[in-house]
$ cat data14.cif   # mmCIF, C-alpha atoms
data_run
loop_
_atom_site.label_atom_id
_atom_site.label_comp_id
_atom_site.auth_asym_id
_atom_site.auth_seq_id
_atom_site.Cartn_x
_atom_site.Cartn_y
_atom_site.Cartn_z
CA MET A 1 -5.19 23.60 12.28
CA LEU A 2 -2.42 21.04 12.83
CA PRO A 3 1.24 22.08 12.86
CA GLY A 4 2.56 21.99 9.32
CA SER A 5 -0.81 22.43 7.61
CA ILE A 6 -1.00 25.12 4.98
CA PRO A 7 -3.80 27.67 4.76
CA GLY A 8 -5.31 29.01 1.58
CA PRO A 9 -7.20 27.38 -1.28
CA THR A 10 -4.73 28.09 -4.12
CA PHE A 11 -1.05 28.18 -5.01
CA ASP A 12 -0.96 31.97 -5.30
CA ARG A 13 2.22 33.65 -4.10
CA LEU A 14 4.08 30.49 -3.10
CA PRO A 15 7.62 31.47 -2.07
CA THR A 16 10.59 29.66 -3.58
CA ALA A 17 12.38 27.35 -1.14
CA ASP A 18 16.13 27.79 -0.76
CA ASN A 19 16.42 24.07 0.00
CA TRP A 20 13.68 21.58 -0.77
CA PHE A 21 15.10 18.71 1.29
CA ALA A 22 16.37 18.60 4.86
CA ILE A 23 18.72 15.95 6.24
CA GLU A 24 19.82 14.48 9.54
CA TRP A 25 22.71 12.08 10.04
CA LEU A 26 21.77 9.34 12.48
CA PRO A 27 23.96 6.67 14.11
CA GLN A 28 25.03 3.48 12.31
CA GLY A 29 25.24 4.95 8.82
CA VAL A 30 21.65 6.15 8.43
CA LEU A 31 20.70 9.42 6.74
CA ARG A 32 17.16 10.76 7.25
CA ILE A 33 15.79 12.97 4.46
CA TRP A 34 12.49 14.86 4.48
CA GLU A 35 10.63 17.67 2.71
CA PRO A 36 10.01 20.51 5.19
CA HIS A 37 7.79 22.47 2.78
CA VAL A 38 5.26 19.65 2.41
CA SER A 39 2.24 19.63 4.74
CA ARG A 40 2.55 17.65 7.96
CA LEU A 41 0.12 15.03 6.68
CA LEU A 42 2.35 14.07 3.74
CA ARG A 43 5.78 15.08 5.07
CA ALA A 44 7.31 11.63 4.88
CA ASN A 45 10.81 10.43 5.70
CA MET A 46 13.25 8.84 3.32
CA PHE A 47 16.27 6.92 4.60
CA LEU A 48 19.63 6.24 2.99
CA VAL A 49 21.54 3.41 4.70
CA ARG A 50 25.22 2.99 3.89
CA GLY A 51 26.45 -0.48 3.00
CA ARG A 52 29.77 -1.92 1.83
CA ASP A 53 28.66 -3.08 -1.63
CA ARG A 54 25.47 -1.07 -2.13
CA ASP A 55 23.35 1.48 -0.34
CA LEU A 56 19.71 1.15 0.64
CA LEU A 57 17.24 3.95 -0.07
CA VAL A 58 13.83 3.58 1.58
CA ASP A 59 10.90 5.57 0.13
CA ALA A 60 10.82 8.50 -2.24
CA GLY A 61 8.80 11.42 -0.90
CA MET A 62 6.38 13.46 -3.01
CA GLY A 63 8.49 13.86 -6.15
CA VAL A 64 8.09 17.65 -6.17
CA CYS A 65 11.86 18.01 -6.57
CA SER A 66 14.41 15.50 -7.87
CA LEU A 67 15.52 13.23 -5.04
CA ARG A 68 18.15 11.64 -7.25
CA ARG A 69 19.80 14.97 -7.98
CA PHE A 70 19.80 15.88 -4.30
CA LEU A 71 21.32 12.55 -3.23
CA ASP A 72 24.00 12.40 -5.96
CA PRO A 73 26.75 13.83 -3.68
CA PHE A 74 25.99 11.08 -1.13
CA LEU A 75 25.98 8.18 -3.61
CA ASP A 76 29.18 6.34 -4.49
CA LYS A 77 27.85 2.84 -5.11
CA PRO A 78 24.74 1.09 -6.49
CA VAL A 79 21.44 1.87 -4.75
CA VAL A 80 18.74 -0.60 -3.79
CA HIS A 81 15.48 1.36 -3.62
CA VAL A 82 12.77 -0.16 -1.40
CA LEU A 83 9.29 1.29 -0.98
CA SER A 84 7.59 0.72 2.37
CA HIS A 85 4.21 1.03 0.60
CA ALA A 86 2.65 2.84 -2.36
CA HIS A 87 0.93 5.88 -0.86
CA VAL A 88 1.54 9.18 -2.63
CA ASP A 89 3.95 10.63 -0.05
CA HIS A 90 6.31 7.66 -0.37
CA ILE A 91 6.62 7.03 -4.13
CA GLY A 92 7.09 10.44 -5.78
CA SER A 93 10.69 10.00 -6.95
CA ALA A 94 10.71 6.20 -7.21
CA HIS A 95 10.95 6.39 -11.00
CA GLU A 96 14.40 7.97 -10.61
CA PHE A 97 15.70 4.72 -9.06
CA ALA A 98 13.85 2.27 -11.31
CA GLY A 99 16.98 0.24 -12.05
CA ASP A 100 16.63 -1.58 -8.72
CA LEU A 101 13.17 -0.87 -7.32
CA ARG A 102 11.64 -3.26 -4.81
CA MET A 103 8.32 -3.38 -2.97
CA HIS A 104 5.62 -5.76 -1.80
CA ALA A 105 3.54 -7.35 -4.55
CA ALA A 106 0.24 -6.20 -3.01
CA GLU A 107 0.82 -2.59 -4.08
CA ALA A 108 3.04 -2.97 -7.14
CA ASP A 109 0.19 -2.11 -9.51
CA VAL A 110 -0.21 1.28 -7.81
CA MET A 111 3.47 2.03 -8.46
CA ARG A 112 3.18 0.96 -12.06
CA ASP A 113 0.18 3.23 -12.59
CA PRO A 114 -0.21 5.86 -9.85
CA PRO A 115 -3.69 7.41 -9.49
CA ALA A 116 -4.22 10.15 -12.07
CA ASP A 117 -6.29 12.35 -9.75
CA LEU A 118 -3.51 13.14 -7.27
CA GLU A 119 -3.02 16.88 -6.70
CA LEU A 120 -0.94 19.17 -4.50
CA SER A 121 -4.07 20.70 -3.02
CA PHE A 122 -6.85 19.31 -0.85
CA ASP A 123 -9.26 21.20 -3.11
CA GLY A 124 -9.07 18.33 -5.60
CA TYR A 125 -9.70 15.59 -3.04
CA SER A 126 -13.09 13.92 -3.02
CA ALA A 127 -15.47 14.72 -0.17
CA GLU A 128 -15.21 11.11 1.03
CA LYS A 129 -11.39 11.17 1.14
CA LYS A 130 -11.34 14.48 2.99
CA GLU A 131 -13.89 13.22 5.51
CA ARG A 132 -11.80 10.12 6.22
CA LEU A 133 -8.77 12.33 6.87
CA ARG A 134 -10.81 14.68 9.08
CA GLN A 135 -11.92 11.67 11.12
CA SER A 136 -8.24 10.83 11.61
CA GLY A 137 -7.61 14.33 12.98
CA PHE A 138 -6.09 16.09 9.98
CA ASP A 139 -6.85 19.55 8.62
CA VAL A 140 -7.73 19.16 4.93
CA SER A 141 -7.90 22.71 3.65
CA GLY A 142 -5.66 24.45 1.16
CA ALA A 143 -2.42 23.42 -0.49
CA LEU A 144 -0.15 20.53 0.36
CA ILE A 145 3.03 22.56 -0.13
CA ALA A 146 4.12 25.81 1.51
CA ALA A 147 6.74 26.68 -1.09
CA ALA A 148 7.88 25.83 -4.61
CA PRO A 149 11.25 24.19 -5.37
CA SER A 150 11.95 26.72 -8.13
CA PRO A 151 10.32 29.84 -9.66
CA SER A 152 9.34 27.81 -12.73
CA PHE A 153 7.59 25.01 -10.82
CA LYS A 154 3.90 24.65 -11.72
CA PRO A 155 2.05 22.84 -8.90
CA GLU A 156 -1.02 22.23 -11.01
CA GLU A 157 1.08 20.17 -13.45
CA TRP A 158 2.62 17.93 -10.78
CA ARG A 159 2.13 14.22 -11.39
CA ILE A 160 3.81 11.05 -10.11
CA PRO A 161 5.37 9.00 -12.93
CA GLY A 162 4.79 5.28 -12.82
CA ALA A 163 7.62 2.77 -12.48
CA THR A 164 7.75 -1.01 -12.68
CA PRO A 165 9.33 -2.73 -9.67
CA THR A 166 12.29 -4.91 -10.56
CA ALA A 167 11.62 -7.24 -7.62
CA LEU A 168 8.50 -8.03 -5.62
CA LEU A 169 9.24 -8.51 -1.94
CA ALA A 170 7.62 -11.03 0.38
CA ASP A 171 7.79 -11.60 4.10
CA GLY A 172 11.15 -13.07 5.05
CA ASP A 173 13.08 -11.78 2.04
CA THR A 174 16.37 -10.04 2.69
CA VAL A 175 17.94 -6.87 1.32
CA ASP A 176 21.69 -7.49 1.30
CA LEU A 177 24.09 -4.53 1.35
CA GLY A 178 27.24 -6.66 1.59
CA ASP A 179 28.17 -6.03 5.20
CA ARG A 180 24.65 -5.65 6.55
CA SER A 181 21.30 -7.23 5.82
CA PHE A 182 17.68 -6.21 6.37
CA GLU A 183 14.82 -8.68 6.66
CA VAL A 184 11.51 -7.79 5.02
CA LEU A 185 8.58 -7.93 7.43
CA HIS A 186 5.17 -7.79 5.76
CA THR A 187 3.08 -5.67 8.13
CA PRO A 188 -0.32 -5.02 6.51
CA GLY A 189 -2.84 -2.75 8.17
CA HIS A 190 -2.07 0.82 7.20
CA SER A 191 -2.11 -0.54 3.64
CA PRO A 192 -2.11 -4.08 2.23
CA GLY A 193 1.49 -4.01 1.05
CA SER A 194 3.08 -2.19 3.97
CA ILE A 195 6.48 -3.55 4.98
CA CYS A 196 9.11 -2.86 7.62
CA LEU A 197 12.83 -3.56 7.28
CA TRP A 198 14.50 -5.24 10.25
CA GLU A 199 18.24 -5.40 10.86
CA ALA A 200 18.56 -7.91 13.68
CA ALA A 201 22.31 -7.36 14.11
CA THR A 202 21.82 -3.72 15.12
CA GLY A 203 18.19 -3.69 16.29
CA ILE A 204 17.30 -1.10 13.64
CA LEU A 205 13.73 -1.13 12.36
CA ILE A 206 12.72 0.99 9.37
CA GLY A 207 9.01 1.19 10.02
CA GLY A 208 7.38 2.96 7.07
CA ASP A 209 3.86 4.00 7.99
CA THR A 210 3.30 0.90 10.12
CA ILE A 211 4.94 2.61 13.09
CA TYR A 212 6.17 6.14 13.64
CA ASP A 213 5.92 8.75 16.39
CA GLY A 214 2.52 10.15 15.49
CA LEU A 215 -1.10 9.31 14.77
CA LEU A 216 -1.13 5.86 13.16
CA ILE A 217 -3.74 5.77 10.41
CA ASP A 218 -5.98 2.77 9.85
CA THR A 219 -9.01 4.55 8.34
CA LEU A 220 -7.93 4.87 4.71
CA PRO A 221 -9.83 2.98 1.99
CA ASP A 222 -7.10 0.34 1.78
CA SER A 223 -6.51 0.10 5.56
CA ASP A 224 -7.39 -2.95 7.64
CA PRO A 225 -7.47 -2.36 11.43
CA ALA A 226 -7.65 -6.08 12.23
CA ALA A 227 -4.58 -6.82 10.13
CA TYR A 228 -2.86 -3.78 11.67
CA ALA A 229 -3.35 -5.22 15.15
CA VAL A 230 -1.82 -8.53 14.07
CA SER A 231 1.17 -6.68 12.61
CA MET A 232 1.63 -4.67 15.79
CA ARG A 233 1.57 -7.76 17.98
CA ARG A 234 4.26 -9.24 15.78
CA LEU A 235 6.41 -6.10 15.95
CA LYS A 236 6.05 -6.03 19.74
CA GLN A 237 8.25 -9.13 19.93
CA LEU A 238 11.25 -7.44 18.30
CA ASN A 239 14.16 -6.30 20.44
CA VAL A 240 14.63 -2.92 18.74
CA SER A 241 17.29 -0.32 19.50
CA ALA A 242 16.21 2.38 17.03
CA VAL A 243 13.09 2.95 14.94
CA HIS A 244 13.15 5.05 11.78
CA GLY A 245 9.51 5.63 10.92
CA GLY A 246 7.81 6.96 7.83
CA HIS A 247 7.06 10.31 9.48
CA ARG A 248 8.57 12.53 12.16
CA GLU A 249 11.69 11.84 14.22
CA SER A 250 13.36 8.53 14.98
CA PHE A 251 13.07 7.02 18.47
CA GLY A 252 14.13 4.18 20.71
CA ALA A 253 12.83 1.04 22.36
CA ALA A 254 10.73 2.57 25.14
CA LYS A 255 8.67 4.76 22.84
CA TYR A 256 8.40 1.87 20.38
CA GLN A 257 6.72 -0.35 22.96
CA PHE A 258 4.54 2.55 24.14
CA LEU A 259 3.26 3.27 20.61
CA ILE A 260 2.45 -0.39 19.98
CA ASP A 261 0.62 -0.74 23.31
CA GLN A 262 -1.24 2.50 22.66
CA TYR A 263 -2.45 1.27 19.29
CA LEU A 264 -3.46 -2.16 20.57
CA SER A 265 -5.47 -0.63 23.43
CA SER A 266 -7.29 1.92 21.28
#
$ encode --input "data14.cif" --output "structure tokens"
Amino acid sequence: MLPGSIPGPTFDRLPTADNWFAIEWLPQGVLRIWEPHVSRLLRANMFLVRGRDRDLLVDAGMGVCSLRRFLDPFLDKPVVHVLSHAHVDHIGSAHEFAGDLRMHAAEADVMRDPPADLELSFDGYSAEKKERLRQSGFDVSGALIAAAPSPSFKPEEWRIPGATPTALLADGDTVDLGDRSFEVLHTPGHSPGSICLWEAATGILIGGDTIYDGLLIDTLPDSDPAAYAVSMRRLKQLNVSAVHGGHRESFGAAKYQFLIDQYLSS
């Protein structure tokens, strides 16, 4: 069983979490947010980047607990919400920021109408989906959460609300925060609409699920290993200083190059 996986086939006797979200302040005005009670497979990062005129929020977790309510004390200006892609662990609270919601066109339809069969337990996954995840090295038994956000939370009623993007991003677009700007890099492979955000002035790359310090997945139904390799060769040319990936901890240039080379040689 992988670290962070959750045993048991049901939601019986889930404890109530004192805090649903965890945070880490990183250099250059970046806040990392994650959900420690979600299984390792779907424990995704969200990032809030401070800007002069507006702030940038990247990704939205599982939507088990209100991200907007949690972030309210940190928000003092308009928020641009960008989704790195439309997989379940990255879009859960996107509807709470629908006033300025941006993502690549290739996966916008998924955000508008998220799959109705999503559940907080592997028990509801199809045999084919579970086998694909097993082949990628993941344990696929039991629940996807180790706690509930409140005593009244009903995991079996959890659903992800749809939201319509207000802007469809393409390669080369920019996300302007007033005093800093991120370039959109379309990096298909993990999924068709995967993007990274690149701030050339600081060398910061927000990598989504294209690159993070863990097992990079290219075996999902919408994955494309050949396109992934092209994306990785492109990313290899960037002079990065810090990488904030879609999962696990942030890292620097040496590990970045190592992870790219490791993928390309696999």
$ resolve_selection --input "data14.cif" --expression "the PyMOL selection byres ((chain A and resi 157) around 12)" --output "PyMOL selection string"
chain A and resi 11+64+116-121+152-156+158-161
$ resolve_selection --input "data14.cif" --expression "the PyMOL selection byres ((chain A and resi 70-80) around 7)" --output "list in words"
Asp53, Arg54, Asp55, Leu56, Leu57, Ser66, Leu67, Arg68, Arg69, His81, Val82, Asp100 and Leu101 of chain A
$ resolve_selection --input "data14.cif" --expression "the PyMOL selection byres ((chain A and resi 230) around 12)" --output "list in words"
His186, Thr187, Pro188, Gly189, His190, Thr210, Asp224, Pro225, Ala226, Ala227, Tyr228, Ala229, Ser231, Met232, Arg233, Arg234, Leu235, Lys236, Gln237, Ile260, Tyr263 and Leu264 of chain A
$ residues_around --input "data14.cif" --residues "Ala163 (chain A)" --least-positions-apart "2" --cutoff "10 Å" --atoms "only C-alpha atoms" --output "compact mmCIF listing (two decimals) with C-alpha atoms, in the coordinates of the input"
# COMPACT_ATOMS: atom_id res chain seq x y z
CA ILE A 91 6.62 7.03 -4.13
CA SER A 93 10.69 10.00 -6.95
CA ALA A 94 10.71 6.20 -7.21
CA HIS A 95 10.95 6.39 -11.00
CA GLU A 96 14.40 7.97 -10.61
CA PHE A 97 15.70 4.72 -9.06
CA ALA A 98 13.85 2.27 -11.31
CA GLY A 99 16.98 0.24 -12.05
CA LEU A 101 13.17 -0.87 -7.32
CA ALA A 108 3.04 -2.97 -7.14
CA ASP A 109 0.19 -2.11 -9.51
CA VAL A 110 -0.21 1.28 -7.81
CA MET A 111 3.47 2.03 -8.46
CA ARG A 112 3.18 0.96 -12.06
CA ASP A 113 0.18 3.23 -12.59
CA PRO A 114 -0.21 5.86 -9.85
CA ILE A 160 3.81 11.05 -10.11
CA PRO A 161 5.37 9.00 -12.93
CA PRO A 165 9.33 -2.73 -9.67
CA THR A 166 12.29 -4.91 -10.56
$ residues_around --input "data14.cif" --residues "Ala201 (chain A)" --least-positions-apart "4" --cutoff "12 Å" --atoms "only C-alpha atoms" --output "compact mmCIF listing (two decimals) with C-alpha atoms, keeping the file's coordinate frame"
# COMPACT_ATOMS: atom_id res chain seq x y z
CA GLN A 28 25.03 3.48 12.31
CA ASP A 179 28.17 -6.03 5.20
CA ARG A 180 24.65 -5.65 6.55
CA SER A 181 21.30 -7.23 5.82
CA PHE A 182 17.68 -6.21 6.37
CA GLU A 183 14.82 -8.68 6.66
CA LEU A 205 13.73 -1.13 12.36
CA LEU A 238 11.25 -7.44 18.30
CA ASN A 239 14.16 -6.30 20.44
CA VAL A 240 14.63 -2.92 18.74
CA SER A 241 17.29 -0.32 19.50
CA ALA A 242 16.21 2.38 17.03
$ atom_distance --input "data14.cif" --atom1 "CA of Asp59 (chain A)" --atom2 "CA of Gly172 (chain A)"
19.3 Å
$ closest_residue --input "data14.cif" --among "A:His247, A:His87, A:His104, A:Lys255" --to "Asp222 (chain A)" --atoms "all atoms listed in the file"
A:His87
$ residues_around --input "data14.cif" --residues "Ile23 (chain A)" --least-positions-apart "2" --cutoff "12 Å" --atoms "all atoms listed in the file" --output "ChimeraX atom specification"
/A:19-21,25-26,30-36,45-48,70-71,74,249
$ closest_residue --input "data14.cif" --among "A:Ala143, A:Leu259, A:Leu177, A:Leu169" --to "Val49 (chain A)" --atoms "all atoms listed in the file"
A:Leu177
$ residues_near_point --input "data14.cif" --point "(-4.7, 15.7, 5.7)" --cutoff "12 Å" --atoms "all atoms listed in the file" --output "PyMOL selection string"
chain A and resi 1-6+38-43+89+120-123+125+129-145+215+217+220
$ atom_distance --input "data14.cif" --atom1 "CA of Leu83 (chain A)" --atom2 "CA of His37 (chain A)"
21.6 Å
$ closest_residue --input "data14.cif" --among "A:Met103, A:Ala146, A:Ile204, A:Ile195" --to "Thr164 (chain A)" --atoms "all atoms listed in the file"
A:Met103
$ atom_distance --input "data14.cif" --atom1 "CA of Val175 (chain A)" --atom2 "CA of Glu199 (chain A)"
9.7 Å
$ residues_near_point --input "data14.cif" --point "(14.8, 26.7, -5.9)" --cutoff "7 Å" --atoms "all atoms listed in the file" --output "PyMOL selection string"
chain A and resi 16-19+149-151
$ decode --input "data14.cif" --residues "region 149-259 of chain A" --atoms "C-alpha atoms" --output "compact mmCIF listing (two decimals), in the first residue's frame"
# COMPACT_ATOMS: atom_id res chain seq x y z
CA PRO A 149 -14.44 18.06 6.87
CA SER A 150 -17.40 18.21 9.27
CA PRO A 151 -19.66 15.78 11.19
CA SER A 152 -22.49 16.49 8.75
CA PHE A 153 -20.49 15.73 5.59
CA LYS A 154 -21.94 12.87 3.53
CA PRO A 155 -19.24 11.40 1.27
CA GLU A 156 -21.72 9.45 -0.81
CA GLU A 157 -23.41 12.72 -1.84
CA TRP A 158 -20.19 14.44 -2.96
CA ARG A 159 -20.28 15.75 -6.52
CA ILE A 160 -18.25 18.29 -8.48
CA PRO A 161 -20.41 21.17 -9.78
CA GLY A 162 -19.81 22.24 -13.34
CA ALA A 163 -18.60 25.72 -14.26
CA THR A 164 -18.18 27.51 -17.57
CA PRO A 165 -14.70 28.96 -18.19
CA THR A 166 -14.72 32.69 -18.84
CA ALA A 167 -11.61 32.45 -21.02
CA LEU A 168 -10.08 29.61 -23.02
CA LEU A 169 -6.30 29.64 -22.87
CA ALA A 170 -3.92 28.80 -25.70
CA ASP A 171 -0.18 28.36 -25.89
CA GLY A 172 1.55 31.71 -25.61
CA ASP A 173 -1.25 33.52 -23.77
CA THR A 174 -0.32 35.50 -20.69
CA VAL A 175 -1.89 35.81 -17.25
CA ASP A 176 -1.17 39.36 -16.10
CA LEU A 177 -1.18 40.17 -12.37
CA GLY A 178 -0.07 43.79 -12.81
CA ASP A 179 3.51 43.52 -11.61
CA ARG A 180 4.16 39.98 -12.78
CA SER A 181 3.12 37.89 -15.75
CA PHE A 182 2.87 34.17 -16.46
CA GLU A 183 3.05 32.67 -19.93
CA VAL A 184 0.75 29.76 -20.75
CA LEU A 185 2.61 26.71 -22.06
CA HIS A 186 0.38 24.05 -23.59
CA THR A 187 2.00 20.78 -22.50
CA PRO A 188 -0.26 17.89 -23.58
CA GLY A 189 0.56 14.34 -22.60
CA HIS A 190 -0.82 13.69 -19.14
CA SER A 191 -4.07 15.03 -20.59
CA PRO A 192 -4.88 16.88 -23.84
CA GLY A 193 -5.42 20.26 -22.21
CA SER A 194 -2.59 20.21 -19.68
CA ILE A 195 -0.82 23.54 -19.28
CA CYS A 196 2.09 24.95 -17.30
CA LEU A 197 2.51 28.59 -16.25
CA TRP A 198 5.95 30.10 -16.79
CA GLU A 199 7.21 33.31 -15.20
CA ALA A 200 10.40 34.03 -17.11
CA ALA A 201 11.37 36.97 -14.88
CA THR A 202 11.70 34.76 -11.81
CA GLY A 203 12.21 31.31 -13.36
CA ILE A 204 9.07 30.00 -11.63
CA LEU A 205 7.21 27.18 -13.36
CA ILE A 206 3.80 26.06 -12.13
CA GLY A 207 3.77 22.58 -13.59
CA GLY A 208 0.34 21.06 -12.95
CA ASP A 209 0.47 17.32 -13.57
CA THR A 210 2.93 17.69 -16.44
CA ILE A 211 5.83 17.72 -13.99
CA TYR A 212 6.02 17.16 -10.25
CA ASP A 213 8.24 15.20 -7.88
CA GLY A 214 6.56 11.82 -8.24
CA LEU A 215 5.38 9.18 -10.68
CA LEU A 216 4.35 11.00 -13.86
CA ILE A 217 1.24 9.38 -15.29
CA ASP A 218 0.79 8.83 -19.02
CA THR A 219 -1.48 5.76 -18.91
CA LEU A 220 -4.88 7.38 -18.37
CA PRO A 221 -7.55 7.14 -21.08
CA ASP A 222 -6.87 10.71 -22.20
CA SER A 223 -3.06 10.48 -21.91
CA ASP A 224 -0.70 10.56 -24.88
CA PRO A 225 2.88 9.39 -24.15
CA ALA A 226 4.21 10.66 -27.49
CA ALA A 227 2.81 14.14 -26.88
CA TYR A 228 4.12 13.98 -23.30
CA ALA A 229 7.65 13.39 -24.58
CA VAL A 230 7.38 16.41 -26.90
CA SER A 231 6.19 18.54 -23.98
CA MET A 232 9.04 17.37 -21.79
CA ARG A 233 11.65 18.15 -24.42
CA ARG A 234 10.20 21.64 -24.65
CA LEU A 235 10.24 22.13 -20.88
CA LYS A 236 13.85 20.93 -20.73
CA GLN A 237 14.90 24.15 -22.48
CA LEU A 238 13.57 26.41 -19.72
CA ASN A 239 15.96 27.98 -17.24
CA VAL A 240 13.86 27.31 -14.14
CA SER A 241 14.64 28.35 -10.57
CA ALA A 242 11.63 26.79 -8.81
CA VAL A 243 8.97 24.29 -9.86
CA HIS A 244 5.58 24.14 -8.17
CA GLY A 245 4.02 20.90 -9.36
CA GLY A 246 0.53 19.54 -9.15
CA HIS A 247 1.47 17.07 -6.41
CA ARG A 248 3.99 16.83 -3.58
CA GLU A 249 6.63 19.39 -2.65
CA SER A 250 8.18 22.11 -4.78
CA PHE A 251 11.76 21.72 -6.03
CA GLY A 252 14.57 23.37 -7.93
CA ALA A 253 16.45 23.22 -11.21
CA ALA A 254 18.55 20.10 -10.62
CA LYS A 255 15.62 17.88 -9.76
CA TYR A 256 13.63 19.43 -12.60
CA GLN A 257 16.20 18.35 -15.18
CA PHE A 258 16.52 14.92 -13.52
CA LEU A 259 12.75 14.29 -13.68
